[in-house]
Amino acid sequence: MFTAKTLLRLGLSAALTSLLFLMGCASAPPTDLLSQAELAIQNAERAGTSQYEPELLSSARTKLNRAHKRVDDDENEEARRMAEEAIAEANLANAKAAAAREANQTDEMKKAIEALKQETSRQSEGH
Amino acid sequence: MRPQISFQPSPLTSLFLVLASVLLTACTPAANMSLERARTDYQQAANDPAVKANASADLFAAEKLLQQAEATWEEDDDSDEVDHLSYLTSRKVDLARATANQAVSKKSFEELSGQKDQIRLQAREAEIAKLKAKKVPQGILVTLGDVLFDTARSNLKPGSLQNMYPLVEYLKRHAETRVKIDGHTDSRGSAGYNANLSQMRAEAVRTFLITNGISSARISAQGMGEDYPVATNSTAAGRQQNRRVEVTITDAPATMSPTSSGSPGSGM
């Protein structure tokens, strides 16, 4: 039993709501990116990255937290940026840590070779 | 502030100039700091042979991001998004560098590892040469000649002891090895006598090693008698070669047991 007036009112309010929606949050919350960032950070933590790149890793964590806050405030664009940066930083931390580990191994190997050389030269001198 | 006549602009002109410059800065794509940095970062990495060779995928991803940043910068003036994309570009470049560093380290690790194996091998060869040892399937074999003993005697001649020290040294350096000592004689005298003599000579060497600090648990000694000659017994020179003590050094205890029943030093 809608009157023309109520219909009009309904239509108007619907239009207003959708307009508000379009203006306020041009996009949906970046749910996938948020979980990707969480995963990237957890992976990095599991790989012991915090030992080598604590600052990058905590920056990634901070940005992810900020991203969640932006979602709460309906600022989904900024939330997306924060999540993307968190992912980039977590991945970077991981790669840098891997490089550092590899460099350490190489240094260890150099030392081992030095020790071996000294040992063999000592052996050939003695007796 | 108007005593000077020359090119002093009027306040109105100054205001206009300021306004104009503000407008210009706002409208022309002059400089976005983070985009500038992203460009530089990318260019430097793209010119780095190590990055190009080892992190081309990351470099390509960085290039894509940079293009996005440039496009955003040209199309609209959403500086937040430009900053963001530039930041992502720079981090991707960092990632490419890290990937390249890791690959370079890995390569040099592998080279060094090969070098180490080589040094080990050389050291091992030198050691064996010093010991005058021979490689055999069970390990290495040191043959101590008959100079150790006087005829029909089983005590080590004092003058021969220096021949034994390289062996002691080797065994000390390789504490994981085990030693099997086999005494051999020529065919003069009875077989029983020779079995006994070879046993006593093997024991003498064993005792010497123990006295010099080698654990008795590592050493076994046995007399093989005259049954395993390495040369003819019909000449003096041949018989001299047959009078010997063979010391077989093995790496693991497990490799010793199958040979203990066999004929060590045979086939030579």
# chains A, B, ... in the order shown; residues from 1 in each chain; ligands from 1

$ interface_residues --of "chain A" --to "chain B" --cutoff "8 Å" --atoms "only C-alpha atoms" --output "list in words"
Arg81, Glu84, Glu85, Ala88, Glu89, Asn91, Leu92, Ala95, Lys96, Ala98, Ala99, Ala100, Glu102, Ala103, Gln105, Thr106, Met109, Lys110, Ile113, Leu116, Lys117, Thr120 and His127 of chain A

$ residues_around --residues "His68 of chain A" --least-positions-apart "4" --cutoff "8 Å" --atoms "only C-alpha atoms" --output "VMD selection string"
chain A and resid 34 64 72 79
